[in-house]
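Asker: Input work-v5.txt, format and content: compact mmCIF, C-alpha atoms.
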```
# COMPACT_ATOMS: atom_id res chain seq x y z
CA MET A 721 -22.41 12.83 -50.38
CA VAL A 722 -21.21 10.85 -47.37
CA SER A 723 -17.47 11.12 -46.77
CA LEU A 724 -16.00 7.73 -45.84
CA TYR A 725 -12.45 6.88 -44.94
CA ARG A 726 -10.67 3.76 -43.74
CA ASP A 727 -7.58 3.17 -41.59
CA THR A 728 -5.99 0.65 -39.28
CA GLY A 729 -5.47 1.60 -35.66
CA VAL A 730 -5.11 0.55 -32.05
CA VAL A 731 -7.97 1.30 -29.64
CA LEU A 732 -6.44 3.48 -26.90
CA ARG A 733 -9.48 4.38 -24.85
CA VAL A 734 -13.24 3.97 -24.76
CA GLN A 735 -15.75 6.23 -23.02
CA LYS A 736 -19.45 5.65 -22.53
CA LEU A 737 -21.74 7.85 -24.58
CA GLY A 738 -25.49 7.98 -24.03
CA GLU A 739 -27.51 4.80 -23.62
CA ALA A 740 -25.50 2.22 -25.56
CA ASP A 741 -22.83 4.10 -27.54
CA ARG A 742 -19.15 4.66 -26.96
CA ILE A 743 -16.56 7.23 -27.97
CA ILE A 744 -13.53 5.32 -29.23
CA THR A 745 -10.06 6.87 -29.25
CA LEU A 746 -7.79 5.19 -31.78
CA LEU A 747 -4.16 5.71 -32.72
CA SER A 748 -4.30 5.13 -36.46
CA ARG A 749 -1.62 4.52 -39.03
CA GLN A 750 -2.43 7.40 -41.40
CA HIS A 751 -4.63 9.80 -39.45
CA GLY A 752 -2.87 9.79 -36.06
CA LYS A 753 -5.25 10.03 -33.13
CA VAL A 754 -8.91 9.73 -34.11
CA ARG A 755 -11.95 10.06 -31.83
CA ALA A 756 -15.09 8.52 -33.21
CA ALA A 757 -18.55 7.51 -32.02
CA ALA A 758 -19.41 3.81 -32.17
CA LYS A 759 -23.19 3.44 -32.08
CA GLY A 760 -24.85 0.70 -30.06
CA VAL A 761 -21.60 -1.12 -29.22
CA ARG A 762 -22.53 -1.64 -25.56
CA ARG A 763 -25.49 -3.81 -26.52
CA THR A 764 -24.79 -7.55 -26.46
CA SER A 765 -26.25 -7.75 -29.97
CA SER A 766 -23.66 -5.31 -31.35
CA ARG A 767 -21.92 -6.60 -34.49
CA PHE A 768 -18.56 -5.03 -33.67
CA GLY A 769 -18.61 -4.09 -29.97
CA ALA A 770 -16.09 -6.80 -29.06
CA ARG A 771 -13.66 -5.49 -31.69
CA LEU A 772 -13.61 -1.98 -30.25
CA GLU A 773 -12.16 -2.76 -26.83
CA PRO A 774 -8.83 -1.34 -25.61
CA PHE A 775 -5.75 -3.18 -27.02
CA CYS A 776 -7.61 -4.22 -30.21
CA HIS A 777 -5.72 -3.61 -33.46
CA VAL A 778 -8.44 -3.05 -36.01
CA ASP A 779 -9.22 -2.03 -39.57
CA VAL A 780 -11.98 0.59 -39.30
CA GLN A 781 -14.21 2.46 -41.69
CA PHE A 782 -15.47 5.85 -40.53
CA TYR A 783 -17.75 8.45 -41.97
CA THR A 784 -17.00 12.05 -41.24
CA GLY A 785 -19.53 13.51 -38.84
CA ARG A 786 -20.14 17.13 -37.87
CA THR A 787 -18.53 16.93 -34.43
CA LEU A 788 -17.35 13.31 -34.19
CA ASP A 789 -16.64 10.79 -36.93
CA VAL A 790 -18.76 7.65 -36.75
CA VAL A 791 -17.50 4.05 -36.95
CA THR A 792 -19.41 2.09 -39.61
CA GLN A 793 -17.40 -1.14 -40.02
CA VAL A 794 -14.65 -2.88 -38.05
CA GLU A 795 -12.46 -5.88 -38.79
CA THR A 796 -9.88 -7.30 -36.39
CA VAL A 797 -6.24 -7.14 -37.48
CA ASP A 798 -4.76 -8.44 -34.19
CA ALA A 799 -6.72 -9.34 -31.07
CA PHE A 800 -4.15 -8.52 -28.39
CA GLY A 801 -6.81 -8.33 -25.66
CA PRO A 802 -7.13 -12.02 -24.71
CA GLY A 803 -3.35 -12.42 -24.33
CA ILE A 804 -3.13 -9.29 -22.18
CA VAL A 805 -6.17 -9.38 -19.87
CA GLY A 806 -5.49 -12.98 -18.82
CA ASP A 807 -2.43 -11.80 -16.88
CA TYR A 808 -2.85 -8.87 -14.47
CA PRO A 809 0.77 -7.52 -14.58
CA ARG A 810 0.58 -7.49 -18.41
CA TYR A 811 -2.79 -5.75 -18.29
CA THR A 812 -1.49 -2.94 -16.08
CA ALA A 813 1.65 -2.53 -18.24
CA ALA A 814 -0.45 -2.46 -21.43
CA CYS A 815 -2.73 0.18 -19.90
CA ALA A 816 0.34 2.35 -19.24
CA VAL A 817 1.38 1.86 -22.90
CA LEU A 818 -2.03 3.05 -24.10
CA GLU A 819 -2.17 6.03 -21.72
CA THR A 820 1.34 7.15 -22.74
CA ALA A 821 0.47 6.84 -26.44
CA ASP A 822 -2.70 8.87 -25.82
CA ARG A 823 -0.76 11.64 -24.06
CA LEU A 824 2.06 11.73 -26.61
CA SER A 825 -0.30 11.99 -29.58
CA ALA A 826 -1.97 15.16 -28.34
CA GLU A 827 -3.15 16.48 -31.72
CA GLU A 828 -6.02 14.67 -33.39
CA GLY A 829 -5.52 13.98 -37.09
CA GLU A 830 -1.75 14.49 -36.98
CA PRO A 831 -0.04 11.35 -38.34
CA ALA A 832 2.18 9.56 -35.79
CA LEU A 833 3.31 6.50 -37.75
CA ARG A 834 6.38 5.68 -35.63
CA LEU A 835 4.41 5.87 -32.39
CA TYR A 836 1.64 3.73 -33.90
CA LEU A 837 4.17 1.04 -34.95
CA LEU A 838 5.80 1.21 -31.52
CA VAL A 839 2.45 0.73 -29.75
CA VAL A 840 1.56 -2.24 -31.96
CA GLY A 841 5.00 -3.76 -31.27
CA ALA A 842 4.67 -3.24 -27.50
CA LEU A 843 1.18 -4.76 -27.38
CA ARG A 844 2.34 -7.70 -29.51
CA ALA A 845 5.25 -8.29 -27.12
CA LEU A 846 2.95 -8.08 -24.07
CA ALA A 847 0.32 -10.39 -25.59
CA GLY A 848 3.04 -12.83 -26.72
CA ARG A 849 4.19 -13.25 -23.09
CA GLU A 850 7.81 -13.92 -24.05
CA ARG A 851 9.35 -11.00 -22.17
CA ASP A 852 8.81 -9.53 -18.74
CA ALA A 853 5.91 -7.04 -18.93
CA ALA A 854 7.67 -4.32 -16.91
CA LEU A 855 10.74 -4.47 -19.20
CA VAL A 856 8.57 -4.20 -22.31
CA LEU A 857 6.82 -1.18 -20.76
CA ASP A 858 10.09 0.55 -19.82
CA ALA A 859 11.56 -0.07 -23.30
CA PHE A 860 8.36 1.33 -24.84
CA LEU A 861 8.44 4.45 -22.65
CA LEU A 862 12.09 5.18 -23.49
CA ARG A 863 11.54 4.78 -27.24
CA ALA A 864 8.28 6.73 -27.22
CA MET A 865 10.09 9.57 -25.44
CA ALA A 866 12.83 9.42 -28.08
CA PHE A 867 10.19 9.90 -30.83
CA ALA A 868 8.83 12.89 -28.92
CA GLY A 869 12.36 14.33 -28.70
CA TRP A 870 12.79 13.75 -24.97
CA ALA A 871 15.10 10.74 -24.93
CA PRO A 872 17.12 10.83 -21.71
CA ALA A 873 20.88 11.13 -22.24
CA VAL A 874 22.45 7.90 -21.01
CA SER A 875 25.97 7.63 -22.41
CA GLU A 876 26.92 11.33 -22.49
CA CYS A 877 26.32 14.38 -20.30
CA ALA A 878 22.89 15.88 -21.04
CA ARG A 879 24.26 19.42 -20.58
CA CYS A 880 27.80 19.54 -22.01
CA GLY A 881 27.87 16.35 -24.09
CA THR A 882 31.00 14.91 -22.41
CA PRO A 883 31.08 11.16 -23.14
CA GLY A 884 30.31 8.95 -20.12
CA PRO A 885 29.91 6.83 -18.20
CA HIS A 886 28.63 9.35 -15.63
CA ARG A 887 27.45 8.81 -12.07
CA SER A 888 24.50 11.20 -11.77
CA PHE A 889 21.07 11.51 -13.37
CA SER A 890 19.01 14.69 -13.39
CA VAL A 891 15.48 14.65 -14.78
CA PRO A 892 15.24 18.46 -15.27
CA VAL A 893 18.61 18.55 -17.11
CA GLY A 894 17.63 15.62 -19.34
CA GLY A 895 19.46 12.48 -18.15
CA ALA A 896 23.03 11.57 -17.18
CA VAL A 897 25.16 14.50 -16.04
CA CYS A 898 28.92 14.80 -15.52
CA GLY A 899 30.49 15.90 -12.23
CA GLY A 900 30.89 19.50 -13.47
CA CYS A 901 27.28 19.90 -14.65
CA ARG A 902 25.62 17.98 -11.82
CA PRO A 903 22.86 20.16 -10.27
CA ALA A 904 21.86 19.91 -6.63
CA GLY A 905 19.36 17.12 -5.99
CA ALA A 906 20.47 14.95 -8.93
CA ALA A 907 20.01 11.20 -8.38
CA LYS A 908 23.05 8.95 -8.04
CA PRO A 909 22.02 5.63 -9.59
CA VAL A 910 24.38 2.66 -9.59
CA PRO A 911 26.40 2.24 -12.84
CA ASP A 912 24.37 -0.83 -13.90
CA THR A 913 21.23 1.34 -14.04
CA PHE A 914 22.81 3.33 -16.89
CA ARG A 915 23.64 0.02 -18.62
CA MET A 916 20.04 -1.04 -18.13
CA LEU A 917 18.67 2.20 -19.62
CA ASP A 918 21.02 1.86 -22.59
CA ALA A 919 19.99 -1.78 -23.11
CA LEU A 920 16.27 -0.88 -23.01
CA GLN A 921 16.79 2.01 -25.43
CA HIS A 922 18.60 -0.19 -27.94
CA GLY A 923 16.67 -3.43 -27.46
CA ASP A 924 19.57 -5.35 -25.91
CA TRP A 925 17.30 -7.88 -24.19
CA PRO A 926 19.97 -10.31 -22.88
CA VAL A 927 21.52 -7.44 -20.86
CA ALA A 928 18.15 -6.05 -19.69
CA GLU A 929 16.87 -9.48 -18.64
CA SER A 930 20.05 -10.28 -16.72
CA MET A 931 19.62 -7.30 -14.37
CA PRO A 932 18.43 -7.89 -10.77
CA ASN A 933 15.27 -6.39 -9.26
CA THR A 934 17.05 -3.44 -7.63
CA ILE A 935 18.41 -2.22 -10.99
CA ARG A 936 15.08 -2.79 -12.72
CA ARG A 937 13.27 -0.83 -10.02
CA GLU A 938 15.74 2.05 -10.11
CA SER A 939 15.65 2.35 -13.91
CA SER A 940 11.82 2.14 -13.93
CA GLY A 941 11.70 4.98 -11.40
CA LEU A 942 14.01 7.18 -13.48
CA ILE A 943 12.07 6.45 -16.69
CA ALA A 944 8.72 7.24 -15.04
CA ALA A 945 10.08 10.44 -13.49
CA HIS A 946 11.60 11.54 -16.82
CA LEU A 947 8.37 10.84 -18.74
CA GLN A 948 6.09 12.59 -16.27
CA TRP A 949 8.40 15.60 -16.05
CA HIS A 950 8.12 16.12 -19.81
CA LEU A 951 4.40 15.35 -19.98
CA GLU A 952 3.92 17.86 -17.13
CA ARG A 953 1.36 15.53 -15.54
CA GLN A 954 1.11 12.23 -13.73
CA LEU A 955 0.00 9.15 -15.62
CA ARG A 956 -2.90 7.47 -13.80
CA SER A 957 -1.92 3.95 -14.80
CA LEU A 958 1.81 4.05 -13.93
CA PRO A 959 1.41 3.73 -10.12
CA LEU A 960 -0.89 0.74 -10.71
CA VAL A 961 1.60 -1.22 -12.85
CA GLU A 962 2.28 -4.51 -11.09
CA ARG A 963 5.96 -5.36 -11.43
CA GLN A 964 6.87 -8.98 -10.85
CA ARG A 965 10.02 -9.89 -8.97
CA VAL A 966 12.55 -12.03 -10.81
CA MET B 98 -30.03 31.78 -22.14
CA TYR B 99 -33.21 31.72 -20.06
CA GLU B 100 -33.78 33.70 -16.90
CA GLY B 101 -32.38 32.63 -13.53
CA PRO B 102 -33.96 29.42 -12.13
CA VAL B 103 -35.05 28.04 -15.54
CA GLN B 104 -31.49 28.21 -16.88
CA ASP B 105 -30.17 26.81 -13.57
CA LEU B 106 -32.53 23.84 -13.92
CA ILE B 107 -31.46 23.26 -17.55
CA ASP B 108 -27.80 23.40 -16.50
CA GLU B 109 -28.33 20.95 -13.61
CA LEU B 110 -30.32 18.50 -15.76
CA GLY B 111 -27.68 18.76 -18.47
CA ARG B 112 -25.10 17.40 -16.01
CA LEU B 113 -26.97 14.08 -15.73
CA PRO B 114 -25.56 11.15 -17.73
CA GLY B 115 -27.06 10.80 -21.19
CA VAL B 116 -28.91 14.13 -21.00
CA GLY B 117 -27.76 16.62 -23.61
CA PRO B 118 -28.62 20.36 -23.74
CA LYS B 119 -31.76 19.80 -25.89
CA SER B 120 -33.08 17.00 -23.65
CA ALA B 121 -32.32 19.13 -20.55
CA GLN B 122 -34.35 21.97 -22.01
CA ARG B 123 -37.25 19.65 -22.87
CA ILE B 124 -37.31 18.14 -19.35
CA ALA B 125 -37.07 21.59 -17.75
CA PHE B 126 -40.07 22.91 -19.68
CA HIS B 127 -41.99 19.71 -18.95
CA LEU B 128 -41.41 20.29 -15.23
CA LEU B 129 -42.40 23.93 -15.58
CA ALA B 130 -45.72 22.93 -17.14
CA ALA B 131 -46.35 20.00 -14.75
CA GLU B 132 -48.82 20.04 -11.82
CA PRO B 133 -47.20 21.32 -8.58
CA ALA B 134 -48.04 18.00 -6.85
CA ASP B 135 -46.09 16.04 -9.49
CA VAL B 136 -43.04 18.25 -9.04
CA THR B 137 -43.29 17.99 -5.24
CA ARG B 138 -43.43 14.18 -5.50
CA LEU B 139 -40.30 14.13 -7.68
CA GLN B 140 -38.56 16.48 -5.24
CA GLU B 141 -39.46 14.20 -2.28
CA VAL B 142 -38.26 11.06 -4.08
CA LEU B 143 -34.94 12.72 -4.97
CA GLN B 144 -34.47 13.79 -1.36
CA LYS B 145 -35.40 10.32 -0.04
CA VAL B 146 -33.01 8.52 -2.36
CA LYS B 147 -30.15 10.75 -1.27
CA GLU B 148 -30.90 10.64 2.46
CA GLY B 149 -32.47 7.21 2.92
CA ILE B 150 -30.39 4.96 0.65
CA GLN B 151 -27.12 3.48 1.81
CA PHE B 152 -24.84 0.64 0.79
CA CYS B 153 -25.38 -2.81 2.32
CA ASP B 154 -22.76 -3.66 4.95
CA VAL B 155 -22.46 -7.21 3.64
CA CYS B 156 -22.61 -7.03 -0.15
CA GLY B 157 -22.30 -3.35 -1.07
CA ASN B 158 -25.63 -3.25 -2.91
CA VAL B 159 -27.92 -0.22 -2.51
CA SER B 160 -30.26 -0.66 0.45
CA GLU B 161 -32.75 1.18 2.63
CA GLU B 162 -31.31 -0.48 5.75
CA THR B 163 -27.80 -1.41 6.86
CA THR B 164 -28.30 -4.87 5.28
CA CYS B 165 -30.04 -5.21 1.93
CA ARG B 166 -33.21 -7.23 1.19
CA ILE B 167 -31.24 -10.04 -0.51
CA CYS B 168 -28.72 -10.45 2.32
CA ARG B 169 -31.60 -10.53 4.88
CA ASP B 170 -33.56 -13.19 2.96
CA PRO B 171 -33.24 -16.54 4.85
CA ARG B 172 -34.26 -18.54 1.74
CA ARG B 173 -31.10 -17.51 -0.08
CA ASP B 174 -28.24 -19.99 -0.52
CA LEU B 175 -25.47 -18.69 1.75
CA SER B 176 -22.80 -20.88 0.15
CA VAL B 177 -22.80 -19.19 -3.28
CA VAL B 178 -21.78 -15.59 -3.93
CA CYS B 179 -22.05 -13.86 -7.28
CA VAL B 180 -19.52 -11.04 -7.75
CA VAL B 181 -20.76 -8.14 -9.90
CA GLU B 182 -19.42 -4.71 -10.77
CA GLU B 183 -22.42 -2.45 -10.05
CA PRO B 184 -25.77 -2.61 -8.18
CA LYS B 185 -27.57 -2.55 -11.57
CA ASP B 186 -25.91 -5.89 -12.39
CA VAL B 187 -27.63 -7.42 -9.33
CA LEU B 188 -30.96 -6.47 -10.86
CA ALA B 189 -29.95 -7.94 -14.24
CA ILE B 190 -29.11 -11.30 -12.65
CA GLU B 191 -32.20 -11.25 -10.41
CA ARG B 192 -34.34 -10.86 -13.54
CA THR B 193 -33.12 -14.28 -14.76
CA ARG B 194 -34.70 -15.97 -11.65
CA GLU B 195 -31.93 -18.59 -12.02
CA PHE B 196 -29.67 -17.52 -9.18
CA LYS B 197 -30.59 -18.19 -5.56
CA GLY B 198 -27.35 -17.24 -3.85
CA ARG B 199 -26.17 -13.85 -2.66
CA TYR B 200 -24.13 -11.07 -4.21
CA HIS B 201 -21.00 -9.02 -3.74
CA VAL B 202 -20.87 -5.64 -5.48
CA LEU B 203 -17.31 -4.51 -6.24
CA GLY B 204 -18.23 -0.92 -7.08
CA GLY B 205 -16.57 -0.96 -10.52
CA ALA B 206 -13.87 -2.81 -12.44
CA LEU B 207 -10.07 -2.60 -12.48
CA ASP B 208 -9.30 0.21 -14.90
CA PRO B 209 -5.78 1.63 -14.60
CA LEU B 210 -6.55 4.12 -17.40
CA SER B 211 -9.04 5.77 -15.04
CA GLY B 212 -6.82 5.29 -11.99
CA VAL B 213 -8.95 2.45 -10.56
CA GLY B 214 -6.82 -0.25 -8.92
CA PRO B 215 -7.64 -3.09 -6.48
CA ASP B 216 -7.66 -0.69 -3.50
CA GLN B 217 -10.51 1.35 -5.00
CA LEU B 218 -12.80 -1.71 -5.25
CA ARG B 219 -14.44 -3.82 -2.52
CA ILE B 220 -12.04 -6.73 -3.07
CA ARG B 221 -10.70 -6.75 0.49
CA GLU B 222 -14.28 -7.01 1.80
CA LEU B 223 -14.88 -9.99 -0.50
CA LEU B 224 -11.80 -11.79 0.79
CA SER B 225 -12.76 -11.24 4.42
CA ARG B 226 -16.32 -12.37 3.63
CA ILE B 227 -15.05 -15.66 2.22
CA GLY B 228 -12.97 -16.27 5.31
CA THR B 229 -15.96 -16.01 7.68
CA THR B 230 -18.71 -18.56 8.32
CA LEU B 231 -22.30 -17.24 8.34
CA ASP B 232 -25.06 -19.21 10.17
CA GLY B 233 -22.77 -22.26 10.11
CA VAL B 234 -22.46 -22.14 6.30
CA ASP B 235 -19.15 -21.59 4.48
CA ILE B 236 -18.96 -19.94 1.08
CA THR B 237 -18.09 -22.75 -1.33
CA GLU B 238 -18.57 -21.08 -4.72
CA ILE B 239 -17.79 -17.66 -6.12
CA ILE B 240 -19.35 -16.81 -9.48
CA ILE B 241 -17.48 -13.96 -11.17
CA ALA B 242 -20.03 -12.01 -13.19
CA THR B 243 -18.04 -8.94 -14.20
CA ASP B 244 -18.80 -7.40 -17.61
CA PRO B 245 -17.44 -9.31 -20.64
CA ASN B 246 -15.23 -6.39 -21.70
CA THR B 247 -11.52 -5.65 -21.20
CA GLU B 248 -11.86 -4.18 -17.70
CA GLY B 249 -14.29 -6.88 -16.57
CA GLU B 250 -12.06 -9.67 -17.87
CA ALA B 251 -9.00 -8.16 -16.18
CA THR B 252 -10.96 -7.90 -12.92
CA ALA B 253 -12.00 -11.55 -13.27
CA THR B 254 -8.35 -12.56 -13.85
CA TYR B 255 -7.24 -10.63 -10.78
CA LEU B 256 -10.00 -12.13 -8.60
CA MET B 257 -9.22 -15.62 -9.87
CA ARG B 258 -5.60 -15.14 -8.79
CA MET B 259 -6.61 -13.87 -5.34
CA LEU B 260 -9.19 -16.63 -4.73
CA LYS B 261 -7.38 -19.69 -6.06
CA ASP B 262 -5.66 -20.48 -2.77
CA PHE B 263 -8.80 -20.59 -0.60
CA PRO B 264 -9.33 -24.24 0.40
CA GLY B 265 -12.63 -25.80 -0.70
CA LEU B 266 -13.65 -22.80 -2.79
CA THR B 267 -14.79 -23.17 -6.39
CA VAL B 268 -14.37 -20.08 -8.55
CA THR B 269 -16.46 -19.92 -11.72
CA ARG B 270 -16.92 -17.32 -14.45
CA LEU B 271 -20.15 -16.60 -16.34
CA ALA B 272 -20.13 -18.34 -19.72
CA SER B 273 -19.91 -16.10 -22.74
CA GLY B 274 -20.80 -16.78 -26.32
CA LEU B 275 -23.49 -16.18 -28.88
CA PRO B 276 -26.59 -14.15 -27.99
CA MET B 277 -30.01 -15.75 -28.43
CA GLY B 278 -31.80 -14.74 -31.61
CA GLY B 279 -28.64 -13.90 -33.56
CA ASP B 280 -27.11 -15.27 -36.77
CA LEU B 281 -23.77 -17.08 -36.55
CA GLU B 282 -22.38 -15.29 -39.62
CA PHE B 283 -22.65 -11.90 -37.91
CA ALA B 284 -20.83 -12.97 -34.74
CA ASP B 285 -17.41 -11.37 -34.26
CA GLU B 286 -14.40 -13.66 -34.05
CA LEU B 287 -13.72 -12.95 -30.35
CA THR B 288 -17.23 -13.92 -29.26
CA LEU B 289 -17.33 -16.92 -31.59
CA GLY B 290 -13.88 -18.03 -30.38
CA ARG B 291 -15.04 -17.89 -26.76
CA ALA B 292 -18.24 -19.73 -27.64
CA LEU B 293 -16.15 -22.49 -29.23
CA SER B 294 -13.69 -22.77 -26.35
CA GLY B 295 -16.58 -22.82 -23.85
CA ARG B 296 -18.70 -25.35 -25.76
CA ARG B 297 -20.43 -28.07 -23.76
CA ALA B 298 -21.53 -31.65 -24.37
CA MET B 299 -25.25 -32.20 -25.02
```
How does this structure look as structure tokens?
Answerer:
Amino acid sequence: MVSLYRDTGVVLRVQKLGEADRIITLLSRQHGKVRAAAKGVRRTSSRFGARLEPFCHVDVQFYTGRTLDVVTQVETVDAFGPGIVGDYPRYTAACAVLETADRLSAEEGEPALRLYLLVVGALRALAGRERDAALVLDAFLLRAMAFAGWAPAVSECARCGTPGPHRSFSVPVGGAVCGGCRPAGAAKPVPDTFRMLDALQHGDWPVAESMPNTIRRESSGLIAAHLQWHLERQLRSLPLVERQRV
Amino acid sequence: MYEGPVQDLIDELGRLPGVGPKSAQRIAFHLLAAEPADVTRLQEVLQKVKEGIQFCDVCGNVSEETTCRICRDPRRDLSVVCVVEEPKDVLAIERTREFKGRYHVLGGALDPLSGVGPDQLRIRELLSRIGTTLDGVDITEIIIATDPNTEGEATATYLMRMLKDFPGLTVTRLASGLPMGGDLEFADELTLGRALSGRRAM
């Protein structure tokens, strides 16, 4: 008896397989990260090749294979692709969203509902083009890190818990640090950078959007450094994110 | 595991794209049973392709000389350049016999997930090529023929942005829509949507 199952998910990554097939990596609602083979999707005559591109939010039916599950049917839930690829800065930011989601959902088959909802929300915001792509990316990275248990401390000292505001930020310690706990080499961002990080963490868009380029750049740098420290590897897409000046 | 060179051959063949362990074993035993002259010919061709093939200075296509056959051809229209991702795409377009211009091979598509950005592609070479006049002819049209997938579309968007300020240059994109011989009911909504938005008067 063939074992079939169905789930909705976001296509994180596609890899070529053989002549005309692809391996699709999805972040699904119920089954977490799923890797499945999609047969013949690189042919122009494929019935669902266009639905299995990165950024697509799809309803998929799989059958359980011996090594890889196989995609049998696909329906589009949200086509975020056209809204994203038509704008290069949004495309690079969305790629960083997908790569981060892929890294944070390391275990296949382990449900990651909050991360899935966060990815869908971030892609919807990027495709909707209402907010600056770099801000959406930074807000996504901060919240995704919070789900993974690595949220940087912003309003209190990461080591002793003393309420802030503080003047230093240390990635190895875990965020803002007070004068007593400050290790050597800690960064000294301007106070508005802490306000920016707090606004991005809590979705306070009026504050985040009012910040000048220097603050945005500094907070993006701290977020990227914090994320890559905890992931213990560099993200390929982050250096390629094109940040527009406001 | 087979002995020495046989296993080495299977391992090496297994590293080729699309060749799994079973196929590698089948090819290896086919070579083992083949006439020595056939194997020598294959060996010579492999060596020639590695030593004698280079990339065209002008378009980036594979070539036996510093300039490829298409770029050397005087009958080609110098004013139109078709931008493709890979050398195999040149062959695909040549098979149509519809295009008489020349090509520019980017060497891939923008794919941040694989660490490929604008600096890893031959975009700078394309821009400098547009700025120069060849045999008194300016390039007046760029046809972007990157793959109709996410990376290809993003590359087309990026190129469009870079090329829009060149005076007197028309930038076009290959049309996309329904494949010949298909049924409308089986078309996915993305393809059908693009076919509708790109419809033309008859």
Asker: Could you list, as a ChimeraX atom specification, the residues of chain A having an atom within 9 Å of chain B when counting all atoms listed in the file?
Answerer: /A:733,737-739,764-771,773-775,795-796,799,801-802,804-808,811-812,815-816,818-819,955-961
Asker: For Leu175 (chain B), find every residue with an atom within 9 Å (counting only C-alpha atoms), except residues of its own chain fewer than 6 positions away, and show them as number ranges by chain.
Answerer: B: 168, 197-199, 231-232, 234-237
Asker: I need the residue nearest Gly157 (chain B) from this list: B:Gln104, B:Asp244, B:Glu183, B:Pro264. Use only C-alpha atoms for the distance.
Answerer: B:Glu183
Asker: May I have the residues within 7 Å of region 847-853 of chain A as a list in words, using all atoms listed in the file and disregarding those fewer than 5 positions away in the same chain?
Answerer: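 Near region 847-853 of chain A, the qualifying residues are Phe800, Gly803, Ile804, Pro809, Arg810 and Ala813 of chain A.
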Asker: Given all atoms listed in the file as the basis, pick out the residue of B:Glu222, B:Asp135, B:Asp280, B:Asp186 nearest to Ile241 (chain B).
Answerer: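 Residue with the minimum atom-to-atom distance to Ile241 (chain B): B:Asp186.
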Asker: Find the residues near Glu828 (chain A): any atom within 9 Å, counting all atoms listed in the file, skip ones fewer than 6 places away on the same chain, and give them as JSON, numbers by chain.
Answerer: {"A": [751, 752, 753, 754, 755]}
Asker: Just give me the gap between CA of Arg902 (chain A) and CA of Ile943 (chain A) in Å, one decimal is fine.
Answerer: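 Separating CA of Arg902 (chain A) from CA of Ile943 (chain A) is a distance of 18.4 Å.
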Asker: At a cut-off of 9 Å from (17.4, 14.4, -18.1) in the coordinates of the file, what residues are picked up using all atoms listed in the file, written as a ChimeraX atom specification?
Answerer: /A:870-874,878-879,889-897,946
Asker: Please identify all polymer residues within 10 Å of region 918-924 of chain A, counting only C-alpha atoms, omitting same-chain residues fewer than 4 positions from it, and present them as JSON, numbers by chain.
Answerer: {"A": [855, 856, 857, 858, 859, 860, 861, 862, 863, 864, 866, 871, 872, 873, 874, 875, 912, 913, 914, 928, 929, 939]}
Asker: Using C-alpha atoms, can you write the selected residues to a file as a compact mmCIF listing (two decimals), in the frame of the given file?
Answerer:
```txt
# COMPACT_ATOMS: atom_id res chain seq x y z
CA LEU A 855 10.74 -4.47 -19.20
CA VAL A 856 8.57 -4.20 -22.31
CA LEU A 857 6.82 -1.18 -20.76
CA ASP A 858 10.09 0.55 -19.82
CA ALA A 859 11.56 -0.07 -23.30
CA PHE A 860 8.36 1.33 -24.84
CA LEU A 861 8.44 4.45 -22.65
CA LEU A 862 12.09 5.18 -23.49
CA ARG A 863 11.54 4.78 -27.24
CA ALA A 864 8.28 6.73 -27.22
CA ALA A 866 12.83 9.42 -28.08
CA ALA A 871 15.10 10.74 -24.93
CA PRO A 872 17.12 10.83 -21.71
CA ALA A 873 20.88 11.13 -22.24
CA VAL A 874 22.45 7.90 -21.01
CA SER A 875 25.97 7.63 -22.41
CA ASP A 912 24.37 -0.83 -13.90
CA THR A 913 21.23 1.34 -14.04
CA PHE A 914 22.81 3.33 -16.89
CA ALA A 928 18.15 -6.05 -19.69
CA GLU A 929 16.87 -9.48 -18.64
CA SER A 939 15.65 2.35 -13.91
```
Asker: Between A:Gly941, A:Pro885, A:Pro831, A:Gly841, which has the minimum distance to Ala854 (chain A) (counting all atoms listed in the file)?
Answerer: A:Gly941
Asker: Please, what distance in Å, to one decimal, runs between CA of Asp822 (chain A) and CA of Lys759 (chain A)?
Answerer: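 Pair CA of Asp822 (chain A) / CA of Lys759 (chain A) returns 22.1 Å.
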Asker: Could you pull the residues within 12 Å of Leu266 (chain B), counting only C-alpha atoms, minus those fewer than 6 positions along the same chain, as a list in words?
Answerer: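 Surrounding residues, per the criterion: Ser176, Val177, Val178, Leu224, Ile227, Gly228, Asp235, Ile236, Thr237, Glu238, Ile239, Ile240, Met257, Met259 and Leu260 of chain B.
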Asker: Assuming 6 Å of padding per side, give the centre and edge lengths of the axis-aligned box around every listed atom of region 267-277 of chain B, in Å to one decimal and as JSON.
Answerer:
```
{"center_x": -22.2, "center_y": -18.7, "center_z": -17.6, "size_x": 27.6, "size_y": 21.0, "size_z": 34.5}
```
Asker: To one decimal place, how far is CA of Ile220 (chain B) from CA of Lys185 (chain B) in Å?
Answerer: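 Interatomic distance here is 18.2 Å.
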